[in-house]
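The data block below is input.txt; it holds compact mmCIF, C-alpha atoms.
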```
# COMPACT_ATOMS: atom_id res chain seq x y z
CA MET A 17 -1.28 17.89 -14.23
CA GLU A 18 -4.70 16.67 -15.16
CA GLN A 19 -7.06 16.08 -12.29
CA ASP A 20 -6.78 12.55 -10.95
CA ASP A 21 -9.83 10.43 -11.76
CA PRO A 22 -10.32 7.42 -9.41
CA GLY A 23 -13.01 6.11 -11.74
CA GLU A 24 -10.60 5.92 -14.63
CA ALA A 25 -8.00 4.16 -12.49
CA LEU A 26 -10.62 1.73 -11.23
CA SER A 27 -11.61 0.90 -14.80
CA GLU A 28 -7.99 0.21 -15.69
CA LEU A 29 -7.55 -1.91 -12.56
CA ARG A 30 -10.64 -3.94 -13.35
CA GLY A 31 -9.32 -4.46 -16.86
CA ARG A 32 -6.06 -5.88 -15.59
CA ARG A 33 -7.75 -8.15 -13.07
CA LEU A 34 -10.22 -9.40 -15.70
CA GLY A 35 -7.37 -10.45 -17.93
CA ALA A 36 -5.74 -12.43 -15.14
CA LEU A 37 -9.06 -14.04 -14.22
CA GLU A 38 -9.68 -15.11 -17.80
CA LEU A 39 -6.27 -16.78 -17.92
CA LEU A 40 -7.03 -18.60 -14.68
CA GLN A 41 -10.37 -19.81 -15.96
CA ALA A 42 -8.86 -21.00 -19.20
CA ALA A 43 -6.19 -22.95 -17.37
CA ALA A 44 -8.63 -24.54 -14.94
CA GLY A 45 -11.40 -25.22 -17.43
CA SER A 46 -14.02 -23.50 -15.26
CA GLY A 47 -14.57 -20.72 -12.76
CA LEU A 48 -14.30 -23.13 -9.84
CA ALA A 49 -10.57 -22.63 -9.37
CA ALA A 50 -11.02 -18.87 -9.17
CA TYR A 51 -13.68 -19.26 -6.51
CA VAL A 52 -11.53 -21.64 -4.48
CA ALA A 53 -8.58 -19.24 -4.68
CA TRP A 54 -10.76 -16.40 -3.44
CA ALA A 55 -12.26 -18.44 -0.62
CA LEU A 56 -8.91 -19.75 0.60
CA LEU A 57 -6.59 -16.81 0.03
CA LEU A 58 -8.66 -13.68 0.47
CA GLN A 59 -11.75 -14.38 2.52
CA PRO A 60 -10.12 -15.51 5.83
CA GLY A 61 -8.77 -12.07 6.62
CA PHE A 62 -11.95 -10.28 5.55
CA ARG A 63 -14.13 -12.08 8.08
CA ARG A 64 -12.60 -10.05 10.92
CA VAL A 65 -12.98 -6.66 9.22
CA PRO A 66 -16.17 -4.58 8.85
CA LEU A 67 -17.46 -4.56 5.29
CA ARG A 68 -16.76 -0.87 4.73
CA LEU A 69 -13.08 -1.36 5.62
CA GLN A 70 -12.43 -4.41 3.44
CA VAL A 71 -9.90 -4.01 0.63
CA PRO A 72 -9.46 -6.76 -2.00
CA TYR A 73 -5.87 -7.84 -2.59
CA VAL A 74 -4.24 -6.88 -5.88
CA GLY A 75 -0.46 -7.23 -5.92
CA ALA A 76 1.66 -4.20 -6.80
CA SER A 77 3.32 -4.28 -10.21
CA GLU A 78 7.08 -4.13 -10.61
CA ARG A 79 6.82 -0.53 -11.80
CA GLN A 80 4.68 0.44 -8.81
CA VAL A 81 7.22 -1.06 -6.42
CA GLU A 82 10.01 0.86 -8.17
CA HIS A 83 8.11 4.12 -7.81
CA VAL A 84 7.45 3.56 -4.11
CA LEU A 85 11.13 2.85 -3.46
CA SER A 86 12.18 5.93 -5.45
CA LEU A 87 10.09 8.13 -3.16
CA LEU A 88 11.30 6.49 0.07
CA ARG A 89 14.90 5.51 -0.67
CA GLY A 90 17.46 7.03 1.68
CA ARG A 91 14.96 8.02 4.37
CA PRO A 92 15.64 6.96 7.98
CA GLY A 93 13.18 5.32 10.33
CA LYS A 94 10.74 2.46 10.32
CA THR A 95 9.10 1.58 6.99
CA VAL A 96 5.68 -0.09 6.95
CA ASP A 97 3.37 -1.36 4.23
CA LEU A 98 -0.29 -1.29 5.29
CA GLY A 99 -2.03 -4.27 3.73
CA SER A 100 1.25 -5.81 2.61
CA GLY A 101 -0.23 -8.74 0.67
CA ASP A 102 2.49 -11.09 -0.54
CA GLY A 103 5.17 -8.84 0.95
CA ARG A 104 6.87 -7.67 -2.22
CA ILE A 105 7.10 -4.00 -1.20
CA VAL A 106 8.45 -4.80 2.27
CA LEU A 107 11.07 -7.16 0.87
CA ALA A 108 12.15 -4.66 -1.79
CA ALA A 109 12.31 -1.89 0.83
CA HIS A 110 14.60 -3.97 3.03
CA LYS A 111 16.86 -4.77 0.08
CA CYS A 112 17.28 -1.08 -0.78
CA GLY A 113 18.22 -0.15 2.80
CA LEU A 114 14.89 0.92 4.29
CA ARG A 115 15.15 -0.75 7.70
CA PRO A 116 13.39 -1.92 9.69
CA ALA A 117 10.75 -2.88 7.13
CA VAL A 118 7.44 -4.26 8.40
CA GLY A 119 4.34 -5.48 6.62
CA TYR A 120 0.88 -5.57 8.22
CA GLU A 121 -1.51 -8.01 6.58
CA LEU A 122 -4.62 -9.63 8.03
CA ASN A 123 -4.90 -12.55 5.62
CA PRO A 124 -2.92 -15.53 7.02
CA TRP A 125 -2.33 -17.10 3.61
CA LEU A 126 -0.76 -13.92 2.26
CA VAL A 127 1.36 -13.53 5.40
CA GLY A 128 2.63 -17.07 4.88
CA LEU A 129 3.36 -16.35 1.21
CA ALA A 130 5.24 -13.19 2.15
CA ARG A 131 7.37 -15.08 4.66
CA LEU A 132 8.09 -17.72 2.03
CA HIS A 133 9.29 -15.06 -0.41
CA ALA A 134 11.52 -13.59 2.31
CA TRP A 135 12.96 -17.01 3.11
CA ARG A 136 13.70 -17.70 -0.55
CA ALA A 137 15.44 -14.30 -0.79
CA GLY A 138 17.59 -15.07 2.27
CA CYS A 139 15.89 -12.35 4.32
CA ALA A 140 13.67 -14.42 6.59
CA GLY A 141 15.29 -13.11 9.75
CA SER A 142 15.53 -9.53 8.55
CA VAL A 143 12.05 -8.50 7.41
CA CYS A 144 8.91 -8.70 9.51
CA TYR A 145 5.40 -9.66 8.39
CA LEU A 146 2.71 -9.42 11.04
CA ARG A 147 -0.83 -10.70 10.84
CA GLU A 148 -2.50 -7.52 12.03
CA ASP A 149 -5.50 -5.41 11.11
CA LEU A 150 -4.03 -2.25 9.59
CA TRP A 151 -6.82 -0.21 11.17
CA LYS A 152 -5.73 -1.28 14.64
CA VAL A 153 -1.94 -1.03 14.48
CA SER A 154 -0.22 2.05 15.89
CA LEU A 155 1.70 4.21 13.42
CA ARG A 156 3.28 6.50 16.01
CA ASP A 157 6.79 5.15 15.35
CA CYS A 158 6.43 4.85 11.57
CA HIS A 159 8.34 7.31 9.38
CA ASN A 160 7.79 5.75 5.95
CA VAL A 161 4.36 4.39 5.02
CA SER A 162 3.28 2.61 1.84
CA VAL A 163 -0.39 2.03 1.04
CA PHE A 164 -2.18 0.45 -1.92
CA LEU A 165 -5.80 0.65 -0.83
CA ALA A 166 -9.19 1.18 -2.44
CA PRO A 167 -10.44 4.78 -2.76
CA SER A 168 -13.48 4.01 -0.60
CA VAL A 169 -11.33 3.63 2.54
CA LEU A 170 -8.82 6.42 1.90
CA PRO A 171 -10.80 9.12 3.75
CA LEU A 172 -10.74 6.93 6.88
CA LEU A 173 -7.06 6.25 6.34
CA GLU A 174 -6.38 9.99 6.23
CA ASP A 175 -7.88 10.34 9.68
CA LYS A 176 -5.70 7.55 11.05
CA LEU A 177 -2.54 8.91 9.46
CA ARG A 178 -3.27 12.43 10.68
CA ALA A 179 -3.87 11.23 14.23
CA GLU A 180 -0.88 8.91 14.55
CA LEU A 181 2.04 9.75 12.27
CA PRO A 182 5.02 11.61 13.75
CA ALA A 183 6.46 14.80 12.28
CA GLY A 184 8.74 14.11 9.34
CA ALA A 185 6.86 11.00 8.19
CA ARG A 186 6.22 10.34 4.51
CA VAL A 187 3.23 8.48 3.07
CA VAL A 188 3.30 6.99 -0.43
CA SER A 189 -0.10 6.02 -1.83
CA GLY A 190 -0.27 3.82 -4.91
CA ARG A 191 -2.98 3.63 -7.59
CA PHE A 192 -5.20 6.22 -5.88
CA PRO A 193 -4.34 9.53 -4.16
CA LEU A 194 -5.38 10.52 -0.69
CA PRO A 195 -8.55 12.55 -1.26
CA THR A 196 -7.77 15.78 0.64
CA TRP A 197 -4.00 15.80 1.21
CA GLN A 198 -1.69 17.69 -1.15
CA PRO A 199 1.14 15.55 -2.60
CA VAL A 200 4.71 16.80 -2.71
CA VAL A 201 5.68 14.45 -5.53
CA VAL A 202 3.69 12.48 -8.11
CA MET A 203 5.42 9.76 -10.10
CA GLY A 204 4.29 7.48 -12.91
CA GLU A 205 1.29 7.32 -15.19
CA GLY A 206 -2.08 5.60 -15.09
CA LEU A 207 -2.41 2.73 -12.67
CA ASP A 208 1.33 2.83 -11.93
CA ARG A 209 1.11 6.37 -10.53
CA VAL A 210 2.06 6.97 -6.90
CA TRP A 211 1.68 10.05 -4.69
CA ALA A 212 4.03 11.12 -1.87
CA TYR A 213 2.85 13.16 1.12
CA ASP A 214 5.02 14.65 3.85
CA VAL A 215 3.95 15.36 7.43
CA HIS A 216 5.54 18.57 8.72
CA SER A 217 3.92 19.12 12.07
CA GLY A 218 2.58 16.97 14.84
CA GLY A 219 3.94 14.33 17.16
CA PRO A 220 2.73 11.77 19.65
CA ASN A 221 -0.26 13.92 20.57
CA GLY A 222 -1.80 13.30 17.19
CA GLN A 223 -1.59 16.78 15.67
CA ALA A 224 0.00 15.65 12.41
CA SER A 225 -1.02 17.41 9.22
CA PRO A 226 0.25 17.03 5.63
CA GLU A 227 1.70 20.08 3.92
CA PRO A 228 3.43 20.77 0.58
CA SER A 229 7.21 20.67 0.72
CA SER A 230 9.96 21.94 -1.56
CA ALA A 231 12.33 19.18 -0.46
CA SER A 232 13.76 17.16 -3.32
CA VAL A 233 13.52 13.39 -3.48
CA PRO A 234 16.81 11.60 -4.26
CA GLY A 235 16.62 9.75 -7.55
CA ALA A 236 13.02 10.72 -8.23
CA PRO A 237 11.85 13.04 -11.02
CA ARG A 238 9.43 15.62 -9.71
CA SER A 239 6.06 16.03 -11.33
CA GLN A 240 4.18 19.31 -11.20
CA VAL A 241 1.30 19.14 -8.74
CA GLY A 242 -1.81 21.13 -9.32
```

This entry written out as structure tokens:
Amino acid sequence: MEQDDPGEALSELRGRRLGALELLQAAAGSGLAAYVAWALLLQPGFRRVPLRLQVPYVGASERQVEHVLSLLRGRPGKTVDLGSGDGRIVLAAHKCGLRPAVGYELNPWLVGLARLHAWRAGCAGSVCYLREDLWKVSLRDCHNVSVFLAPSVLPLLEDKLRAELPAGARVVSGRFPLPTWQPVVVMGEGLDRVWAYDVHSGGPNGQASPEPSSASVPGAPRSQVG
């Protein structure tokens, strides 16, 4: 496999977001609507988080959600999405049998949108969206973790995952890989690529460490890692 290049993925991500922004500006007739959307939907949650830990919201694509579910499907234990946005990954996880499924999102508008989606899907009482800072929640009972975060915060996330995750947990990172962990499975191409990491040792005392595994993933084609 070619070496992963966060810069290339960032360029592709910016390209996708620019296209969406241009459509918004065309529909509104000016950039005012985009600013209002940012101020109302994204800024409220950021005010409580240090600048270096802030991660702009970009919703996962349908293909990204499919890849995450392929790497987690059939696994027991609590499933969480850190920075769950509009809740699409949590809702899809619940529908495919990953239960309980919980989303942690600091932005109140996105939490409300996620709960609306769950209500419309008839799952309002089954999935859980909590307005919480992902850096402050405990992951000690979490066995399946999904993250779609910016590369600038991934080194700090590694420390949190290593300190808190129990043995047997799996982490799936979308868009960007964890910088020092070795993935057991890589799926997808370009911005839709996701990386799976297994934790093989550790426990409540915070000695968790990721290691390569030869375990197969049901329904997921393996990609050579190297």

In Å, with one decimal, what is the gap from CA of Arg89 (chain A) to CA of Leu107 (chain A)?
13.3 Å

For Arg209 (chain A), list every protein, DNA or RNA residue within 12 Å, evaluated using all atoms listed in the file, and leave out those in the same chain fewer than 5 positions away; present the list as a PDB file with C-alpha atoms, in the coordinates of the input.
```
ATOM      1  CA  ASP A  20      -6.780  12.550 -10.950  1.00  0.00           C
ATOM      2  CA  ASP A  21      -9.830  10.430 -11.760  1.00  0.00           C
ATOM      3  CA  PRO A  22     -10.320   7.420  -9.410  1.00  0.00           C
ATOM      4  CA  ALA A  25      -8.000   4.160 -12.490  1.00  0.00           C
ATOM      5  CA  ALA A  76       1.660  -4.200  -6.800  1.00  0.00           C
ATOM      6  CA  SER A  77       3.320  -4.280 -10.210  1.00  0.00           C
ATOM      7  CA  ARG A  79       6.820  -0.530 -11.800  1.00  0.00           C
ATOM      8  CA  GLN A  80       4.680   0.440  -8.810  1.00  0.00           C
ATOM      9  CA  VAL A  81       7.220  -1.060  -6.420  1.00  0.00           C
ATOM     10  CA  GLU A  82      10.010   0.860  -8.170  1.00  0.00           C
ATOM     11  CA  HIS A  83       8.110   4.120  -7.810  1.00  0.00           C
ATOM     12  CA  VAL A  84       7.450   3.560  -4.110  1.00  0.00           C
ATOM     13  CA  LEU A  87      10.090   8.130  -3.160  1.00  0.00           C
ATOM     14  CA  PHE A 164      -2.180   0.450  -1.920  1.00  0.00           C
ATOM     15  CA  VAL A 188       3.300   6.990  -0.430  1.00  0.00           C
ATOM     16  CA  SER A 189      -0.100   6.020  -1.830  1.00  0.00           C
ATOM     17  CA  GLY A 190      -0.270   3.820  -4.910  1.00  0.00           C
ATOM     18  CA  ARG A 191      -2.980   3.630  -7.590  1.00  0.00           C
ATOM     19  CA  PHE A 192      -5.200   6.220  -5.880  1.00  0.00           C
ATOM     20  CA  PRO A 193      -4.340   9.530  -4.160  1.00  0.00           C
ATOM     21  CA  VAL A 201       5.680  14.450  -5.530  1.00  0.00           C
ATOM     22  CA  VAL A 202       3.690  12.480  -8.110  1.00  0.00           C
ATOM     23  CA  MET A 203       5.420   9.760 -10.100  1.00  0.00           C
ATOM     24  CA  GLY A 204       4.290   7.480 -12.910  1.00  0.00           C
ATOM     25  CA  SER A 239       6.060  16.030 -11.330  1.00  0.00           C
TER      26      SER A 239
END
```

Just to confirm, what's the straight-line distance from CA of Gly113 (chain A) to CA of Ser162 (chain A) in Å (one decimal)?
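Computed distance, CA of Gly113 (chain A) to CA of Ser162 (chain A), equals 15.2 Å.
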
From the list A:Ala166, A:Ile105, A:Leu98, A:Leu181, the nearest residue to Leu146 (chain A) using all atoms listed in the file is A:Leu98

Of the candidates A:Gly75, A:Gly99, A:Gly206, A:Pro199, which one gets nearest to Glu148 (chain A) if we count all atoms listed in the file?
A:Gly99

Option closest in space to Ser217 (chain A), from A:Arg178, A:Thr196, A:Gly138, A:Leu88 [counting all atoms listed in the file]:
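Ranking A:Arg178, A:Thr196, A:Gly138, A:Leu88 by distance to Ser217 (chain A), first place goes to A:Arg178.
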
Within 12 Å of His159 (chain A), counting only C-alpha atoms, which residues qualify if same-chain residues fewer than 4 places away don't, as a VMD selection string?
chain A and resid 88 90 to 97 114 to 118 154 to 155 177 180 to 188 213 to 216 219

Residues of the last selection are to be written out with C-alpha atoms, as a PDB file, in the frame of the given file.
```
ATOM      1  CA  LEU A  88      11.300   6.490   0.070  1.00  0.00           C
ATOM      2  CA  GLY A  90      17.460   7.030   1.680  1.00  0.00           C
ATOM      3  CA  ARG A  91      14.960   8.020   4.370  1.00  0.00           C
ATOM      4  CA  PRO A  92      15.640   6.960   7.980  1.00  0.00           C
ATOM      5  CA  GLY A  93      13.180   5.320  10.330  1.00  0.00           C
ATOM      6  CA  LYS A  94      10.740   2.460  10.320  1.00  0.00           C
ATOM      7  CA  THR A  95       9.100   1.580   6.990  1.00  0.00           C
ATOM      8  CA  VAL A  96       5.680  -0.090   6.950  1.00  0.00           C
ATOM      9  CA  ASP A  97       3.370  -1.360   4.230  1.00  0.00           C
ATOM     10  CA  LEU A 114      14.890   0.920   4.290  1.00  0.00           C
ATOM     11  CA  ARG A 115      15.150  -0.750   7.700  1.00  0.00           C
ATOM     12  CA  PRO A 116      13.390  -1.920   9.690  1.00  0.00           C
ATOM     13  CA  ALA A 117      10.750  -2.880   7.130  1.00  0.00           C
ATOM     14  CA  VAL A 118       7.440  -4.260   8.400  1.00  0.00           C
ATOM     15  CA  SER A 154      -0.220   2.050  15.890  1.00  0.00           C
ATOM     16  CA  LEU A 155       1.700   4.210  13.420  1.00  0.00           C
ATOM     17  CA  LEU A 177      -2.540   8.910   9.460  1.00  0.00           C
ATOM     18  CA  GLU A 180      -0.880   8.910  14.550  1.00  0.00           C
ATOM     19  CA  LEU A 181       2.040   9.750  12.270  1.00  0.00           C
ATOM     20  CA  PRO A 182       5.020  11.610  13.750  1.00  0.00           C
ATOM     21  CA  ALA A 183       6.460  14.800  12.280  1.00  0.00           C
ATOM     22  CA  GLY A 184       8.740  14.110   9.340  1.00  0.00           C
ATOM     23  CA  ALA A 185       6.860  11.000   8.190  1.00  0.00           C
ATOM     24  CA  ARG A 186       6.220  10.340   4.510  1.00  0.00           C
ATOM     25  CA  VAL A 187       3.230   8.480   3.070  1.00  0.00           C
ATOM     26  CA  VAL A 188       3.300   6.990  -0.430  1.00  0.00           C
ATOM     27  CA  TYR A 213       2.850  13.160   1.120  1.00  0.00           C
ATOM     28  CA  ASP A 214       5.020  14.650   3.850  1.00  0.00           C
ATOM     29  CA  VAL A 215       3.950  15.360   7.430  1.00  0.00           C
ATOM     30  CA  HIS A 216       5.540  18.570   8.720  1.00  0.00           C
ATOM     31  CA  GLY A 219       3.940  14.330  17.160  1.00  0.00           C
TER      32      GLY A 219
END
```

Compile the contact shell of Ala134 (chain A) as number ranges by chain: residues with an atom at most 12 Å away, counting all atoms listed in the file, same-chain residues fewer than 4 positions apart removed.
A: 102-111, 117-119, 127-130, 138-145

Output C-alpha atoms of each residue in that selection to a file, as a PDB file, keeping the file's coordinate frame.
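New file selection05.pdb:
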```
ATOM      1  CA  ASP A 102       2.490 -11.090  -0.540  1.00  0.00           C
ATOM      2  CA  GLY A 103       5.170  -8.840   0.950  1.00  0.00           C
ATOM      3  CA  ARG A 104       6.870  -7.670  -2.220  1.00  0.00           C
ATOM      4  CA  ILE A 105       7.100  -4.000  -1.200  1.00  0.00           C
ATOM      5  CA  VAL A 106       8.450  -4.800   2.270  1.00  0.00           C
ATOM      6  CA  LEU A 107      11.070  -7.160   0.870  1.00  0.00           C
ATOM      7  CA  ALA A 108      12.150  -4.660  -1.790  1.00  0.00           C
ATOM      8  CA  ALA A 109      12.310  -1.890   0.830  1.00  0.00           C
ATOM      9  CA  HIS A 110      14.600  -3.970   3.030  1.00  0.00           C
ATOM     10  CA  LYS A 111      16.860  -4.770   0.080  1.00  0.00           C
ATOM     11  CA  ALA A 117      10.750  -2.880   7.130  1.00  0.00           C
ATOM     12  CA  VAL A 118       7.440  -4.260   8.400  1.00  0.00           C
ATOM     13  CA  GLY A 119       4.340  -5.480   6.620  1.00  0.00           C
ATOM     14  CA  VAL A 127       1.360 -13.530   5.400  1.00  0.00           C
ATOM     15  CA  GLY A 128       2.630 -17.070   4.880  1.00  0.00           C
ATOM     16  CA  LEU A 129       3.360 -16.350   1.210  1.00  0.00           C
ATOM     17  CA  ALA A 130       5.240 -13.190   2.150  1.00  0.00           C
ATOM     18  CA  GLY A 138      17.590 -15.070   2.270  1.00  0.00           C
ATOM     19  CA  CYS A 139      15.890 -12.350   4.320  1.00  0.00           C
ATOM     20  CA  ALA A 140      13.670 -14.420   6.590  1.00  0.00           C
ATOM     21  CA  GLY A 141      15.290 -13.110   9.750  1.00  0.00           C
ATOM     22  CA  SER A 142      15.530  -9.530   8.550  1.00  0.00           C
ATOM     23  CA  VAL A 143      12.050  -8.500   7.410  1.00  0.00           C
ATOM     24  CA  CYS A 144       8.910  -8.700   9.510  1.00  0.00           C
ATOM     25  CA  TYR A 145       5.400  -9.660   8.390  1.00  0.00           C
TER      26      TYR A 145
END
```

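Here CA of Lys176 (chain A) is placed at a distance of 27.2 Å from CA of Glu205 (chain A).
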
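Candidate residues A:Pro124, A:Pro195, A:Pro72, A:Gly101 were compared for distance to Pro171 (chain A), and the nearest is A:Pro195, using all atoms listed in the file.
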
I need the residue nearest Leu122 (chain A) from this list: A:Leu85, A:Asn160, A:Ser168, A:Tyr73. Use all atoms listed in the file for the distance.
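Residue with the minimum atom-to-atom distance to Leu122 (chain A): A:Tyr73.
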
Where atoms are lacking, region 117-135 of chain A completed to N, CA, C and O atoms, as a short mmCIF file (atom, residue, chain, number, x, y, z; two decimals), in the frame of the given file:
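So the final result, stored in selection.cif, reads:
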```cif
data_model
loop_
_atom_site.label_atom_id
_atom_site.label_comp_id
_atom_site.auth_asym_id
_atom_site.auth_seq_id
_atom_site.Cartn_x
_atom_site.Cartn_y
_atom_site.Cartn_z
N ALA A 117 11.88 -2.85 8.05
CA ALA A 117 10.75 -2.88 7.13
C ALA A 117 9.73 -3.89 7.64
O ALA A 117 10.07 -5.05 7.89
N VAL A 118 8.49 -3.44 7.79
CA VAL A 118 7.44 -4.26 8.40
C VAL A 118 6.20 -4.24 7.51
O VAL A 118 5.80 -3.19 7.00
N GLY A 119 5.59 -5.40 7.35
CA GLY A 119 4.34 -5.48 6.62
C GLY A 119 3.21 -5.90 7.54
O GLY A 119 3.36 -6.84 8.33
N TYR A 120 2.08 -5.21 7.46
CA TYR A 120 0.88 -5.57 8.22
C TYR A 120 -0.17 -6.11 7.25
O TYR A 120 -0.58 -5.41 6.32
N GLU A 121 -0.56 -7.34 7.46
CA GLU A 121 -1.51 -8.01 6.58
C GLU A 121 -2.39 -8.93 7.42
O GLU A 121 -1.88 -9.71 8.22
N LEU A 122 -3.69 -8.84 7.22
CA LEU A 122 -4.62 -9.63 8.03
C LEU A 122 -4.80 -11.05 7.51
O LEU A 122 -5.08 -11.97 8.28
N ASN A 123 -4.65 -11.24 6.21
CA ASN A 123 -4.90 -12.55 5.62
C ASN A 123 -3.76 -13.51 5.93
O ASN A 123 -2.61 -13.27 5.54
N PRO A 124 -4.01 -14.63 6.61
CA PRO A 124 -2.92 -15.53 7.02
C PRO A 124 -2.23 -16.19 5.86
O PRO A 124 -1.03 -16.46 5.92
N TRP A 125 -2.95 -16.46 4.77
CA TRP A 125 -2.33 -17.10 3.61
C TRP A 125 -1.32 -16.16 2.96
O TRP A 125 -0.24 -16.59 2.54
N LEU A 126 -1.67 -14.88 2.87
CA LEU A 126 -0.76 -13.92 2.26
C LEU A 126 0.44 -13.66 3.17
O LEU A 126 1.56 -13.46 2.68
N VAL A 127 0.23 -13.67 4.48
CA VAL A 127 1.36 -13.53 5.40
C VAL A 127 2.32 -14.70 5.22
O VAL A 127 3.55 -14.52 5.16
N GLY A 128 1.78 -15.90 5.11
CA GLY A 128 2.63 -17.07 4.88
C GLY A 128 3.38 -16.98 3.58
O GLY A 128 4.56 -17.34 3.49
N LEU A 129 2.71 -16.49 2.52
CA LEU A 129 3.36 -16.35 1.21
C LEU A 129 4.47 -15.32 1.29
O LEU A 129 5.56 -15.51 0.72
N ALA A 130 4.22 -14.22 2.00
CA ALA A 130 5.24 -13.19 2.15
C ALA A 130 6.48 -13.74 2.86
O ALA A 130 7.62 -13.47 2.47
N ARG A 131 6.25 -14.50 3.92
CA ARG A 131 7.37 -15.08 4.66
C ARG A 131 8.14 -16.09 3.81
O ARG A 131 9.37 -16.20 3.93
N LEU A 132 7.42 -16.79 2.95
CA LEU A 132 8.09 -17.72 2.03
C LEU A 132 8.99 -16.96 1.06
O LEU A 132 10.14 -17.35 0.81
N HIS A 133 8.48 -15.87 0.50
CA HIS A 133 9.29 -15.06 -0.41
C HIS A 133 10.54 -14.53 0.30
O HIS A 133 11.63 -14.52 -0.27
N ALA A 134 10.38 -14.10 1.56
CA ALA A 134 11.52 -13.59 2.31
C ALA A 134 12.54 -14.69 2.56
O ALA A 134 13.76 -14.46 2.47
N TRP A 135 12.07 -15.88 2.88
CA TRP A 135 12.96 -17.01 3.11
C TRP A 135 13.74 -17.36 1.84
O TRP A 135 14.95 -17.58 1.88
#
```
